[in-house]
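Undergrad: Mind having a look at this structure? Questions to follow.
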Amino acid sequence: ISPDKFQDAYRFVRQKVAAKEQVFFVYPRLEETTELNEPILDVEATTISPDDPRYAYATGELKSAISEHLYLQETVFPNLNVGLLHGQMDKEEKQRVMEKFKKGDIDILVSTVVIEVGIDVPNASVMIIEHAERFGLAQLHQLRGRIGRGDKKSFCFLFAQPLSEEGVMRMEIMCDTQDGFRIAEED
């Protein structure tokens, strides 16, 4: 999905949380970096406000879990409980956050790939992965396996702006199959 669809995704998240479902937002980095080589969108960066969710894609900035946690909590979902989980937290803090998420005290969990394995929250039905082109296919497959563990239909949104034909093909593979063996081959 291209970044111009963020507002639609945010509306969808609000609907799912109102229906008592939970959501993951996943980012490739813990802290902000500008390691992308060039602006991704065909929109001039100067025409996009820094408050616009497309701003990072337009300027080539790579979004981070820490900054997006703050943005989502304060700007996008101020009336929801938005938690943060990452690998640099100590074990007890990670455990506390996960317990709160499992109990439903956290509506939206912003995370790095620390959730890739070993997380089982049947009520989590939506995952939004930003900069999906930055992840390996097997890793994306593992991440989306964290949702759909309950009786509710699940949705995984891959926000990406691949810069190459190979990148486009990789995103298409993720959308075309749930077969882990095929994904591993393609990876």
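Labels for the structure tokens follow display order: chains A, B, ..., residues from 1 in each chain, ligands from 1.
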Mind the document's chain letters and residue numbers, and return as a ChimeraX atom specification the residues of range 45-146 of chain A that DSSP labels alpha helix (DSSP H).
TA: /A:55-59,65-71,91-103,137-144
Undergrad: Just the residues within 9 Å of Asp120 in chain A, please, counting only C-alpha atoms, with nothing from its chain fewer than 6 positions along; format it as a list in words.
TA: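 That gives Lys102, Arg146, Ile147 and Arg149 of chain A.
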Undergrad: At a cut-off of 12 Å, using only C-alpha atoms, what residues contact Val121 in chain A? Leave out same-chain residues fewer than 6 positions from it and give the result as a PyMOL selection string.
TA: chain A and resi 21-24+98-104+106-107+109+115+145-152
Undergrad: When distances are computed from only C-alpha atoms, which of A:Leu85, A:Ala9, A:Val110, A:Val126 shows the smallest separation from Ser154 in chain A?
TA: A:Val126
Undergrad: Using only C-alpha atoms, can you tell me which of A:Asp179, A:Glu165, A:Asn79, A:Lys63 comes closest to His131 in chain A?
TA: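 The shortest atom-to-atom distance to His131 in chain A comes from A:Lys63.
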Undergrad: Just the residues within 12 Å of range 139-143 of chain A, please, counting only C-alpha atoms, with nothing from its chain fewer than 6 positions along; format it as a ChimeraX atom specification.
TA: /A:24-28,111-120,126-133,155-159,170-171,173-184,186-187
Undergrad: List the neighbours of Leu70 in chain A out to 10 Å using only C-alpha atoms; skip same-chain residues closer than 4 positions along the sequence, and give me the result as a PyMOL selection string.
TA: chain A and resi 65-66+74-78+82-84+110
Undergrad: So which residues of range 94-163 of chain A fall under strand (DSSP E or B) by DSSP, listed as a list of chain:residue names?
TA: A:Ile108, A:Leu109, A:Val110, A:Ser111, A:Ala124, A:Ser125, A:Val126, A:Met127, A:Ile128, A:Ile129, A:Glu130, A:Phe155, A:Cys156, A:Phe157, A:Leu158, A:Phe159
Undergrad: One decimal, in Å: what's the spacing between CA of Pro122 in chain A and CA of Tyr71 in chain A?
TA: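 So the answer is 26.1 Å.
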Undergrad: Rank A:Met89, A:Ile108, A:Val97, A:Gly167 by their smallest atom-to-atom distance to Gln73 in chain A, using only C-alpha atoms, and report the top residue only.
TA: A:Ile108
Undergrad: If you measure from CA of Asp90 in chain A to CA of Ser125 in chain A, what distance in Å do you get, rounded to one decimal?
TA: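 Pair CA of Asp90 in chain A / CA of Ser125 in chain A returns 26.6 Å.
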